[in-house]
>>> print(open('work_33.cif').read())   # mmCIF, C-alpha atoms
data_data
loop_
_atom_site.group_PDB
_atom_site.id
_atom_site.type_symbol
_atom_site.label_atom_id
_atom_site.label_comp_id
_atom_site.auth_asym_id
_atom_site.auth_seq_id
_atom_site.Cartn_x
_atom_site.Cartn_y
_atom_site.Cartn_z
ATOM 1 C CA MET S 1 95.442 -13.885 44.682
ATOM 2 C CA LEU S 2 92.947 -13.490 41.839
ATOM 3 C CA THR S 3 93.829 -16.924 40.436
ATOM 4 C CA ASN S 4 93.238 -18.514 43.840
ATOM 5 C CA ILE S 5 89.917 -16.699 44.270
ATOM 6 C CA ILE S 6 88.750 -17.822 40.813
ATOM 7 C CA SER S 7 89.819 -21.406 41.507
ATOM 8 C CA VAL S 8 87.941 -21.570 44.812
ATOM 9 C CA ALA S 9 84.976 -19.579 43.474
ATOM 10 C CA THR S 10 84.592 -22.126 40.672
ATOM 11 C CA GLN S 11 84.192 -24.933 43.212
ATOM 12 C CA VAL S 12 81.750 -22.864 45.280
ATOM 13 C CA ILE S 13 79.695 -21.975 42.194
ATOM 14 C CA ILE S 14 79.488 -25.662 41.259
ATOM 15 C CA LEU S 15 77.978 -26.358 44.673
ATOM 16 C CA PHE S 16 75.554 -23.455 44.269
ATOM 17 C CA ILE S 17 74.401 -24.814 40.911
ATOM 18 C CA ILE S 18 73.390 -28.022 42.707
ATOM 19 C CA ILE S 19 71.735 -25.903 45.406
ATOM 20 C CA ALA S 20 69.800 -24.105 42.654
ATOM 21 C CA VAL S 21 68.588 -27.474 41.356
ATOM 22 C CA GLY S 22 67.304 -28.256 44.861
ATOM 23 C CA PHE S 23 65.574 -24.858 44.900
ATOM 24 C CA VAL S 24 63.857 -25.548 41.557
ATOM 25 C CA LEU S 25 62.865 -29.091 42.557
ATOM 26 C CA THR S 26 61.268 -27.683 45.721
ATOM 27 C CA LYS S 27 59.328 -25.039 43.817
ATOM 28 C CA ALA S 28 58.239 -27.762 41.383
ATOM 29 C CA LYS S 29 57.022 -29.762 44.428
ATOM 30 C CA VAL S 30 59.382 -32.657 43.675
ATOM 31 C CA LEU S 31 61.119 -32.069 47.009
ATOM 32 C CA ASN S 32 58.939 -31.708 50.088
ATOM 33 C CA LYS S 33 59.393 -31.925 53.851
ATOM 34 C CA GLU S 34 58.955 -35.710 54.012
ATOM 35 C CA ARG S 35 61.362 -36.436 51.138
ATOM 36 C CA VAL S 36 63.984 -34.025 52.453
ATOM 37 C CA SER S 37 63.671 -35.608 55.902
ATOM 38 C CA GLY S 38 64.505 -38.938 54.270
ATOM 39 C CA LEU S 39 67.465 -37.407 52.432
ATOM 40 C CA ILE S 40 68.770 -35.940 55.701
ATOM 41 C CA ASP S 41 68.649 -39.391 57.312
ATOM 42 C CA ILE S 42 70.546 -40.885 54.369
ATOM 43 C CA VAL S 43 73.249 -38.214 54.662
ATOM 44 C CA VAL S 44 73.577 -38.466 58.446
ATOM 45 C CA TYR S 45 73.381 -42.239 58.841
ATOM 46 C CA LEU S 46 75.069 -43.429 55.646
ATOM 47 C CA VAL S 47 76.782 -40.872 53.437
ATOM 48 C CA THR S 48 78.770 -38.854 56.003
ATOM 49 C CA PRO S 49 80.092 -41.882 57.983
ATOM 50 C CA SER S 50 81.080 -43.576 54.702
ATOM 51 C CA ASN S 51 82.879 -40.439 53.553
ATOM 52 C CA LEU S 52 84.798 -40.177 56.815
ATOM 53 C CA ILE S 53 85.801 -43.857 56.910
ATOM 54 C CA VAL S 54 87.084 -43.743 53.328
ATOM 55 C CA SER S 55 89.120 -40.601 54.052
ATOM 56 C CA PHE S 56 90.979 -42.442 56.860
ATOM 57 C CA GLN S 57 92.023 -45.285 54.569
ATOM 58 C CA ARG S 58 95.544 -43.982 54.053
ATOM 59 C CA GLU S 59 99.113 -44.812 54.977
ATOM 60 C CA PHE S 60 99.972 -43.989 58.578
ATOM 61 C CA LYS S 61 102.414 -41.134 59.052
ATOM 62 C CA SER S 62 103.232 -39.502 62.377
ATOM 63 C CA GLU S 63 103.064 -36.075 60.692
ATOM 64 C CA LEU S 64 99.477 -36.793 59.567
ATOM 65 C CA LEU S 65 98.482 -37.800 63.084
ATOM 66 C CA ALA S 66 100.095 -34.638 64.495
ATOM 67 C CA GLN S 67 98.276 -32.413 61.994
ATOM 68 C CA LEU S 68 94.993 -34.221 62.690
ATOM 69 C CA GLY S 69 95.521 -33.523 66.391
ATOM 70 C CA LEU S 70 96.163 -29.879 65.548
ATOM 71 C CA SER S 71 92.910 -29.834 63.569
ATOM 72 C CA PHE S 72 91.022 -31.068 66.635
ATOM 73 C CA LEU S 73 92.695 -28.388 68.757
ATOM 74 C CA LEU S 74 91.866 -25.640 66.252
ATOM 75 C CA ALA S 75 88.237 -26.786 66.070
ATOM 76 C CA PHE S 76 87.932 -26.915 69.871
ATOM 77 C CA ILE S 77 89.358 -23.402 70.316
ATOM 78 C CA ILE S 78 87.511 -21.736 67.456
ATOM 79 C CA PHE S 79 84.075 -23.245 68.080
ATOM 80 C CA GLY S 80 84.431 -22.387 71.761
ATOM 81 C CA LEU S 81 85.282 -18.786 70.970
ATOM 82 C CA ASN S 82 82.420 -18.677 68.449
ATOM 83 C CA CYS S 83 79.996 -19.540 71.262
ATOM 84 C CA VAL S 84 81.489 -16.861 73.526
ATOM 85 C CA MET S 85 81.371 -14.189 70.800
ATOM 86 C CA ALA S 86 77.763 -14.999 69.909
ATOM 87 C CA LYS S 87 76.751 -14.717 73.572
ATOM 88 C CA LEU S 88 78.533 -11.375 73.973
ATOM 89 C CA VAL S 89 77.294 -9.820 70.733
ATOM 90 C CA ILE S 90 73.782 -11.177 70.016
ATOM 91 C CA HIS S 91 71.076 -9.714 72.291
ATOM 92 C CA ASP S 92 67.714 -9.997 70.524
ATOM 93 C CA LYS S 93 64.938 -9.182 73.026
ATOM 94 C CA ASN S 94 62.745 -11.979 71.667
ATOM 95 C CA GLU S 95 63.398 -15.009 73.913
ATOM 96 C CA ASP S 96 62.651 -17.479 71.128
ATOM 97 C CA ARG S 97 64.870 -15.781 68.543
ATOM 98 C CA ASN S 98 67.872 -14.875 70.693
ATOM 99 C CA PRO S 99 69.180 -18.417 71.420
ATOM 100 C CA VAL S 100 68.572 -19.430 67.798
ATOM 101 C CA LEU S 101 70.546 -16.451 66.513
ATOM 102 C CA ARG S 102 73.409 -17.236 68.897
ATOM 103 C CA PHE S 103 73.424 -20.878 67.821
ATOM 104 C CA ALA S 104 73.256 -19.972 64.116
ATOM 105 C CA SER S 105 76.096 -17.463 64.507
ATOM 106 C CA ALA S 106 78.367 -19.900 66.345
ATOM 107 C CA PHE S 107 77.971 -23.128 64.401
ATOM 108 C CA PRO S 108 78.991 -23.507 60.743
ATOM 109 C CA ASN S 109 77.797 -26.099 58.283
ATOM 110 C CA ALA S 110 80.897 -28.234 58.906
ATOM 111 C CA GLY S 111 79.307 -31.287 57.294
ATOM 112 C CA TYR S 112 76.879 -30.511 54.484
ATOM 113 C CA MET S 113 78.758 -27.523 53.057
ATOM 114 C CA ALA S 114 82.341 -27.829 54.267
ATOM 115 C CA LEU S 115 83.035 -31.506 53.576
ATOM 116 C CA PRO S 116 82.135 -31.376 49.855
ATOM 117 C CA LEU S 117 84.276 -28.249 49.437
ATOM 118 C CA GLN S 118 87.172 -29.725 51.430
ATOM 119 C CA ARG S 119 87.113 -32.741 49.112
ATOM 120 C CA ALA S 120 86.798 -30.616 45.968
ATOM 121 C CA ILE S 121 89.743 -28.356 46.879
ATOM 122 C CA LEU S 122 92.039 -30.661 48.872
ATOM 123 C CA GLY S 123 90.933 -34.186 47.988
ATOM 124 C CA ASP S 124 90.659 -36.965 50.596
ATOM 125 C CA ILE S 125 93.156 -35.218 52.884
ATOM 126 C CA GLY S 126 90.679 -32.352 53.197
ATOM 127 C CA VAL S 127 88.019 -34.754 54.493
ATOM 128 C CA PHE S 128 90.651 -36.347 56.776
ATOM 129 C CA TYR S 129 91.352 -33.006 58.484
ATOM 130 C CA GLY S 130 87.731 -31.907 58.148
ATOM 131 C CA ALA S 131 86.684 -34.889 60.272
ATOM 132 C CA ALA S 132 88.130 -33.091 63.294
ATOM 133 C CA PHE S 133 85.772 -30.160 62.796
ATOM 134 C CA ILE S 134 82.770 -32.457 62.431
ATOM 135 C CA GLY S 135 83.708 -34.299 65.627
ATOM 136 C CA ILE S 136 84.167 -31.156 67.724
ATOM 137 C CA PHE S 137 81.085 -29.582 66.119
ATOM 138 C CA HIS S 138 78.895 -32.414 67.405
ATOM 139 C CA CYS S 139 80.521 -32.302 70.840
ATOM 140 C CA TYR S 140 79.615 -28.619 71.192
ATOM 141 C CA VAL S 141 76.162 -28.928 69.602
ATOM 142 C CA TRP S 142 74.979 -31.761 71.864
ATOM 143 C CA THR S 143 76.271 -30.070 75.015
ATOM 144 C CA TYR S 144 76.290 -26.268 74.834
ATOM 145 C CA GLY S 145 73.981 -26.072 71.806
ATOM 146 C CA VAL S 146 71.237 -28.176 73.386
ATOM 147 C CA LYS S 147 71.509 -26.238 76.652
ATOM 148 C CA LEU S 148 71.254 -22.966 74.700
ATOM 149 C CA LEU S 149 68.136 -23.911 72.714
ATOM 150 C CA SER S 150 66.242 -25.907 75.312
ATOM 151 C CA PRO S 151 63.533 -23.805 77.088
ATOM 152 C CA VAL S 152 64.173 -25.855 80.239
ATOM 153 C CA LYS S 153 67.575 -26.801 81.588
ATOM 154 C CA GLU S 154 68.234 -30.011 79.684
ATOM 155 C CA LYS S 155 71.306 -31.967 80.641
ATOM 156 C CA ALA S 156 73.803 -32.799 77.915
ATOM 157 C CA LYS S 157 73.413 -36.421 76.870
ATOM 158 C CA LEU S 158 76.737 -38.189 76.423
ATOM 159 C CA LYS S 159 75.118 -40.882 74.308
ATOM 160 C CA LYS S 160 74.036 -38.191 71.811
ATOM 161 C CA ILE S 161 77.731 -37.517 71.220
ATOM 162 C CA ILE S 162 79.101 -41.054 71.384
ATOM 163 C CA PHE S 163 76.393 -42.673 69.272
ATOM 164 C CA ASN S 164 76.140 -39.879 66.710
ATOM 165 C CA PRO S 165 76.682 -41.441 63.233
ATOM 166 C CA PRO S 166 79.445 -39.009 62.135
ATOM 167 C CA ILE S 167 81.266 -39.552 65.450
ATOM 168 C CA ILE S 168 81.018 -43.320 64.935
ATOM 169 C CA GLY S 169 82.403 -42.855 61.413
ATOM 170 C CA ILE S 170 85.333 -40.841 62.767
ATOM 171 C CA ALA S 171 86.013 -43.433 65.492
ATOM 172 C CA ILE S 172 85.998 -46.333 63.011
ATOM 173 C CA GLY S 173 88.164 -44.421 60.541
ATOM 174 C CA LEU S 174 90.646 -43.393 63.234
ATOM 175 C CA VAL S 175 91.000 -46.974 64.504
ATOM 176 C CA LEU S 176 91.589 -48.211 60.945
ATOM 177 C CA PHE S 177 94.147 -45.446 60.372
ATOM 178 C CA LEU S 178 96.054 -46.123 63.611
ATOM 179 C CA THR S 179 96.052 -49.912 63.198
ATOM 180 C CA GLN S 180 96.654 -49.687 59.439
ATOM 181 C CA ILE S 181 93.858 -52.163 58.756
ATOM 182 C CA LYS S 182 92.992 -51.879 55.078
ATOM 183 C CA LEU S 183 89.396 -52.677 54.249
ATOM 184 C CA PRO S 184 88.907 -55.123 51.335
ATOM 185 C CA GLU S 185 87.824 -53.718 47.987
ATOM 186 C CA ILE S 186 84.420 -55.355 48.341
ATOM 187 C CA VAL S 187 83.817 -53.089 51.384
ATOM 188 C CA VAL S 188 85.669 -49.957 50.233
ATOM 189 C CA SER S 189 83.866 -49.756 46.880
ATOM 190 C CA PRO S 190 80.320 -49.478 48.311
ATOM 191 C CA LEU S 191 81.575 -46.998 50.925
ATOM 192 C CA SER S 192 83.169 -44.938 48.128
ATOM 193 C CA TYR S 193 79.915 -44.936 46.155
ATOM 194 C CA PHE S 194 77.985 -43.753 49.225
ATOM 195 C CA SER S 195 80.728 -41.198 49.890
ATOM 196 C CA ALA S 196 80.269 -39.770 46.401
ATOM 197 C CA LEU S 197 76.758 -38.689 47.404
ATOM 198 C CA ASN S 198 78.200 -36.305 49.991
ATOM 199 C CA THR S 199 78.288 -33.421 47.506
ATOM 200 C CA PRO S 200 74.963 -33.529 45.609
ATOM 201 C CA VAL S 201 72.509 -34.670 48.306
ATOM 202 C CA PRO S 202 73.375 -32.087 51.013
ATOM 203 C CA MET S 203 73.345 -29.320 48.396
ATOM 204 C CA LEU S 204 69.834 -30.339 47.316
ATOM 205 C CA ILE S 205 68.779 -30.165 50.982
ATOM 206 C CA ILE S 206 70.178 -26.637 51.290
ATOM 207 C CA GLY S 207 68.274 -25.712 48.114
ATOM 208 C CA TYR S 208 65.092 -26.916 49.816
ATOM 209 C CA TYR S 209 65.755 -24.644 52.811
ATOM 210 C CA LEU S 210 66.362 -21.660 50.523
ATOM 211 C CA ALA S 211 63.121 -22.274 48.644
ATOM 212 C CA ASN S 212 61.133 -22.249 51.902
ATOM 213 C CA THR S 213 62.542 -19.064 53.386
ATOM 214 C CA ASP S 214 60.746 -15.759 53.801
ATOM 215 C CA LEU S 215 63.721 -13.626 52.771
ATOM 216 C CA LYS S 216 61.806 -10.374 53.352
ATOM 217 C CA ALA S 217 61.325 -11.226 57.042
ATOM 218 C CA THR S 218 64.946 -12.335 57.286
ATOM 219 C CA PHE S 219 66.343 -9.146 55.774
ATOM 220 C CA SER S 220 64.315 -6.959 58.173
ATOM 221 C CA ASN S 221 66.052 -8.316 61.303
ATOM 222 C CA ALA S 222 69.269 -6.433 62.102
ATOM 223 C CA TRP S 223 70.523 -9.194 64.413
ATOM 224 C CA VAL S 224 70.572 -11.599 61.472
ATOM 225 C CA TYR S 225 73.105 -9.378 59.681
ATOM 226 C CA LEU S 226 75.275 -9.184 62.786
ATOM 227 C CA GLY S 227 75.059 -12.950 63.167
ATOM 228 C CA ALA S 228 76.034 -13.391 59.506
ATOM 229 C CA LEU S 229 79.043 -11.118 60.062
ATOM 230 C CA LEU S 230 80.217 -13.277 62.969
ATOM 231 C CA ARG S 231 79.593 -16.487 61.043
ATOM 232 C CA LEU S 232 81.128 -15.572 57.666
ATOM 233 C CA ILE S 233 83.860 -13.030 58.457
ATOM 234 C CA VAL S 234 84.874 -12.819 62.113
ATOM 235 C CA SER S 235 85.082 -16.553 62.819
ATOM 236 C CA PRO S 236 87.201 -17.506 59.762
ATOM 237 C CA LEU S 237 89.563 -14.547 60.254
ATOM 238 C CA MET S 238 89.989 -15.559 63.884
ATOM 239 C CA ALA S 239 90.618 -19.130 62.716
ATOM 240 C CA LEU S 240 93.258 -17.940 60.254
ATOM 241 C CA GLY S 241 94.995 -16.128 63.092
ATOM 242 C CA PHE S 242 95.128 -19.306 65.181
ATOM 243 C CA CYS S 243 96.447 -21.248 62.180
ATOM 244 C CA PHE S 244 99.385 -18.814 62.141
ATOM 245 C CA ILE S 245 99.890 -18.953 65.912
ATOM 246 C CA LEU S 246 99.867 -22.770 65.955
ATOM 247 C CA ASN S 247 101.930 -23.020 62.753
ATOM 248 C CA ALA S 248 99.394 -25.189 60.908
ATOM 249 C CA GLU S 249 100.489 -26.569 57.552
ATOM 250 C CA SER S 250 98.699 -25.326 54.436
ATOM 251 C CA ASP S 251 96.226 -28.221 54.006
ATOM 252 C CA VAL S 252 95.187 -28.036 57.680
ATOM 253 C CA ALA S 253 94.747 -24.252 57.484
ATOM 254 C CA VAL S 254 92.672 -24.433 54.293
ATOM 255 C CA ALA S 255 90.482 -27.251 55.688
ATOM 256 C CA CYS S 256 90.059 -25.159 58.854
ATOM 257 C CA ILE S 257 89.041 -22.003 56.984
ATOM 258 C CA ILE S 258 86.618 -23.938 54.781
ATOM 259 C CA ALA S 259 84.879 -25.285 57.905
ATOM 260 C CA CYS S 260 84.932 -21.955 59.751
ATOM 261 C CA SER S 261 83.778 -19.837 56.799
ATOM 262 C CA ALA S 262 80.851 -22.133 55.969
ATOM 263 C CA PRO S 263 77.308 -20.781 56.337
ATOM 264 C CA THR S 264 75.071 -21.552 59.298
ATOM 265 C CA ALA S 265 74.603 -25.228 60.134
ATOM 266 C CA ALA S 266 71.408 -26.748 58.768
ATOM 267 C CA LEU S 267 71.080 -28.441 62.162
ATOM 268 C CA SER S 268 70.117 -25.071 63.665
ATOM 269 C CA GLY S 269 66.764 -25.244 61.890
ATOM 270 C CA MET S 270 66.109 -28.831 62.963
ATOM 271 C CA LEU S 271 66.958 -28.175 66.620
ATOM 272 C CA ALA S 272 65.017 -24.898 66.685
ATOM 273 C CA MET S 273 61.962 -26.865 65.568
ATOM 274 C CA LYS S 274 62.628 -29.634 68.115
ATOM 275 C CA TYR S 275 62.805 -27.193 71.037
ATOM 276 C CA GLY S 276 59.957 -24.942 69.911
ATOM 277 C CA ARG S 277 62.135 -21.940 69.085
ATOM 278 C CA ASP S 278 61.808 -19.492 66.182
ATOM 279 C CA THR S 279 62.397 -21.713 63.150
ATOM 280 C CA GLN S 280 61.882 -18.838 60.700
ATOM 281 C CA VAL S 281 64.937 -16.931 61.935
ATOM 282 C CA SER S 282 67.068 -20.106 61.857
ATOM 283 C CA VAL S 283 66.079 -20.860 58.278
ATOM 284 C CA GLY S 284 66.629 -17.184 57.479
ATOM 285 C CA MET S 285 70.163 -17.318 58.862
ATOM 286 C CA ILE S 286 70.863 -20.506 56.909
ATOM 287 C CA SER S 287 69.594 -18.889 53.714
ATOM 288 C CA LEU S 288 71.258 -15.484 54.132
ATOM 289 C CA THR S 289 74.655 -16.914 55.098
ATOM 290 C CA THR S 290 74.452 -19.472 52.290
ATOM 291 C CA ILE S 291 73.776 -16.742 49.731
ATOM 292 C CA LEU S 292 76.512 -14.444 51.066
ATOM 293 C CA SER S 293 79.033 -17.286 51.346
ATOM 294 C CA ILE S 294 79.308 -17.460 47.557
ATOM 295 C CA ILE S 295 81.308 -14.216 47.904
ATOM 296 C CA THR S 296 82.971 -14.606 51.298
ATOM 297 C CA MET S 297 84.157 -18.227 51.119
ATOM 298 C CA PRO S 298 86.269 -17.942 47.935
ATOM 299 C CA VAL S 299 88.048 -14.830 49.247
ATOM 300 C CA LEU S 300 88.797 -16.290 52.686
ATOM 301 C CA ILE S 301 89.833 -19.717 51.404
ATOM 302 C CA ALA S 302 92.068 -18.141 48.760
ATOM 303 C CA LEU S 303 93.612 -15.967 51.494
ATOM 304 C CA ALA S 304 94.347 -19.099 53.526
ATOM 305 C CA ARG S 305 96.000 -20.777 50.525
ATOM 306 C CA ILE S 306 98.209 -17.765 49.898
ATOM 307 C CA LEU S 307 99.223 -17.057 53.493
ATOM 308 C CA THR S 308 99.897 -20.621 54.668
#
>>> encode(input="work_33.cif", output="structure tokens")
Amino acid sequence: MLTNIISVATQVIILFIIIAVGFVLTKAKVLNKERVSGLIDIVVYLVTPSNLIVSFQREFKSELLAQLGLSFLLAFIIFGLNCVMAKLVIHDKNEDRNPVLRFASAFPNAGYMALPLQRAILGDIGVFYGAAFIGIFHCYVWTYGVKLLSPVKEKAKLKKIIFNPPIIGIAIGLVLFLTQIKLPEIVVSPLSYFSALNTPVPMLIIGYYLANTDLKATFSNAWVYLGALLRLIVSPLMALGFCFILNAESDVAVACIIACSAPTAALSGMLAMKYGRDTQVSVGMISLTTILSIITMPVLIALARILT
């Protein structure tokens, strides 16, 4: 157990070192809102789709397809239950904070934080299974998540799901995997180079968020702690239980726990700003869960490796 915790903790610490660099660059005014906005666009529109497409460039096996399907099922069940739990548990009286806290408690950082760790621990197969969690994440965010955060009843926009860059990356990768079309080296190489940015750039972005958080205000809100408990402990333990029930193989279970034990999605801050909600509490949740995850993630991921 200790060996597994140390192994996973090492990978998490490496990510946090990059986060610390982002923190320092922000304090040194090298990173600012405009530059980080540009980095976010690069990650969303280029890096993440490239990473997903490359991960699907593998030999077709029916067992892989079955386990990928199981990953989609796990993601659908767990994210759905996350939304239900957040609604039942979080009841902040402030109408601008309450939906943000529920959103931040329900949705993990399945892309920025989970994908780099899935690759570091499991290799390309981790990204392959992790794609399922990204796909279902965006399906929930652009339906339930938007409805939750919008002050007026805004209808879910199907095009937001279908034409979302990560979803497009998953669709392209899945077609290539099923048809066994192998991209030429002249295409795969640039995609691989872009894919390699999936670890450092998102971590720098998280460092920027940490540097711009009023931690004192965050730590004074009791609902934030309860939300962090749901996000970092309850959700991954529930996910581990479903991995047992559905007899998921080890790599699927570990990829699942990495996604489900990740800190609050950075998208919560962006959407809170878009819909005029309390951005401070969203950034606070991102920061608090990111800090605490350096302890919780290694333990939970190591537990998944041992038990599955």
>>> residues_around(input="work_33.cif", residues="Leu149 (chain S)", least_positions_apart="3", cutoff="12 Å", atoms="all atoms listed in the file", output="NGL selection string")
:S and (95-104 or 141-146 or 152-156 or 267-279 or 282)
>>> closest_residue(input="work_33.cif", among="S:Tyr45, S:Phe128, S:Tyr208, S:Phe16", to="Leu68 (chain S)", atoms="all atoms listed in the file")
S:Phe128
>>> atom_distance(input="work_33.cif", atom1="CA of Gly135 (chain S)", atom2="CA of Leu81 (chain S)")
16.5 Å
>>> atom_distance(input="work_33.cif", atom1="CA of Ile245 (chain S)", atom2="CA of Asp124 (chain S)")
25.4 Å
>>> closest_residue(input="work_33.cif", among="S:Tyr140, S:Tyr193, S:Phe23, S:Phe244", to="Cys256 (chain S)", atoms="only C-alpha atoms")
S:Phe244
>>> closest_residue(input="work_33.cif", among="S:Phe242, S:Phe79, S:Phe219, S:Tyr209", to="Ser37 (chain S)", atoms="all atoms listed in the file")
S:Tyr209
>>> closest_residue(input="work_33.cif", among="S:Ala28, S:Ile170, S:Ala120, S:Ile17", to="His138 (chain S)", atoms="all atoms listed in the file")
S:Ile170
>>> resolve_selection(input="work_33.cif", expression="the PyMOL selection byres ((chain S and resi 291) around 12)", output="MDAnalysis selection string")
chainID S and resid 12:13 15:17 19:20 206:207 209:210 215 228 232 262:264 284:290 292:297
>>> residues_around(input="work_33.cif", residues="Asn82 (chain S)", least_positions_apart="4", cutoff="9 Å", atoms="all atoms listed in the file", output="list in words")
Ile77, Ile78, Ala86, Lys87, Ser105, Ala106, Phe107, Leu230, Arg231, Val234 and Ser235 of chain S
>>> atom_distance(input="work_33.cif", atom1="CA of Lys159 (chain S)", atom2="CA of Ile172 (chain S)")
16.6 Å
>>> closest_residue(input="work_33.cif", among="S:Leu31, S:Ile136, S:Ile301, S:Val44", to="Ser250 (chain S)", atoms="all atoms listed in the file")
S:Ile301
>>> resolve_selection(input="work_33.cif", expression="the PyMOL selection byres ((chain S and resi 57) around 8)", output="list in words")
Ile53, Val54, Ser55, Phe56, Arg58, Glu59, Gly173, Leu176, Phe177, Lys182 and Leu183 of chain S
>>> residues_near_point(input="work_33.cif", point="(97.2, -23.1, 64.3)", cutoff="10 Å", atoms="all atoms listed in the file", output="number ranges by chain")
S: 67, 70-71, 73-75, 77, 239-249, 252-253, 256
>>> write_last_selection(input="work_33.cif", atoms="C-alpha atoms", output="compact mmCIF listing (two decimals), in the frame of the given file")
# COMPACT_ATOMS: atom_id res chain seq x y z
CA GLN S 67 98.28 -32.41 61.99
CA LEU S 70 96.16 -29.88 65.55
CA SER S 71 92.91 -29.83 63.57
CA LEU S 73 92.70 -28.39 68.76
CA LEU S 74 91.87 -25.64 66.25
CA ALA S 75 88.24 -26.79 66.07
CA ILE S 77 89.36 -23.40 70.32
CA ALA S 239 90.62 -19.13 62.72
CA LEU S 240 93.26 -17.94 60.25
CA GLY S 241 95.00 -16.13 63.09
CA PHE S 242 95.13 -19.31 65.18
CA CYS S 243 96.45 -21.25 62.18
CA PHE S 244 99.38 -18.81 62.14
CA ILE S 245 99.89 -18.95 65.91
CA LEU S 246 99.87 -22.77 65.96
CA ASN S 247 101.93 -23.02 62.75
CA ALA S 248 99.39 -25.19 60.91
CA GLU S 249 100.49 -26.57 57.55
CA VAL S 252 95.19 -28.04 57.68
CA ALA S 253 94.75 -24.25 57.48
CA CYS S 256 90.06 -25.16 58.85
>>> closest_residue(input="work_33.cif", among="S:Ala266, S:Cys83, S:Val127, S:Ile162", to="Gly227 (chain S)", atoms="only C-alpha atoms")
S:Cys83
>>> residues_near_point(input="work_33.cif", point="(74.2, -39.0, 56.2)", cutoff="10 Å", atoms="all atoms listed in the file", output="tab-separated table (two decimals) with C-alpha atoms, keeping the file's coordinate frame")
chain	number	residue	atom	x	y	z
S	38	GLY	CA	64.50	-38.94	54.27
S	39	LEU	CA	67.46	-37.41	52.43
S	40	ILE	CA	68.77	-35.94	55.70
S	41	ASP	CA	68.65	-39.39	57.31
S	42	ILE	CA	70.55	-40.88	54.37
S	43	VAL	CA	73.25	-38.21	54.66
S	44	VAL	CA	73.58	-38.47	58.45
S	45	TYR	CA	73.38	-42.24	58.84
S	46	LEU	CA	75.07	-43.43	55.65
S	47	VAL	CA	76.78	-40.87	53.44
S	48	THR	CA	78.77	-38.85	56.00
S	49	PRO	CA	80.09	-41.88	57.98
S	50	SER	CA	81.08	-43.58	54.70
S	51	ASN	CA	82.88	-40.44	53.55
S	111	GLY	CA	79.31	-31.29	57.29
S	112	TYR	CA	76.88	-30.51	54.48
S	165	PRO	CA	76.68	-41.44	63.23
S	166	PRO	CA	79.44	-39.01	62.14
S	194	PHE	CA	77.98	-43.75	49.22
S	195	SER	CA	80.73	-41.20	49.89
S	197	LEU	CA	76.76	-38.69	47.40
S	198	ASN	CA	78.20	-36.30	49.99
S	201	VAL	CA	72.51	-34.67	48.31
S	202	PRO	CA	73.38	-32.09	51.01
>>> axis_aligned_box(input="work_33.cif", around="region 56-62 of chain S", padding_each_side="8 Å", output="JSON")
{"center_x": 97.1, "center_y": -42.4, "center_z": 58.2, "size_x": 28.3, "size_y": 21.8, "size_z": 24.3}
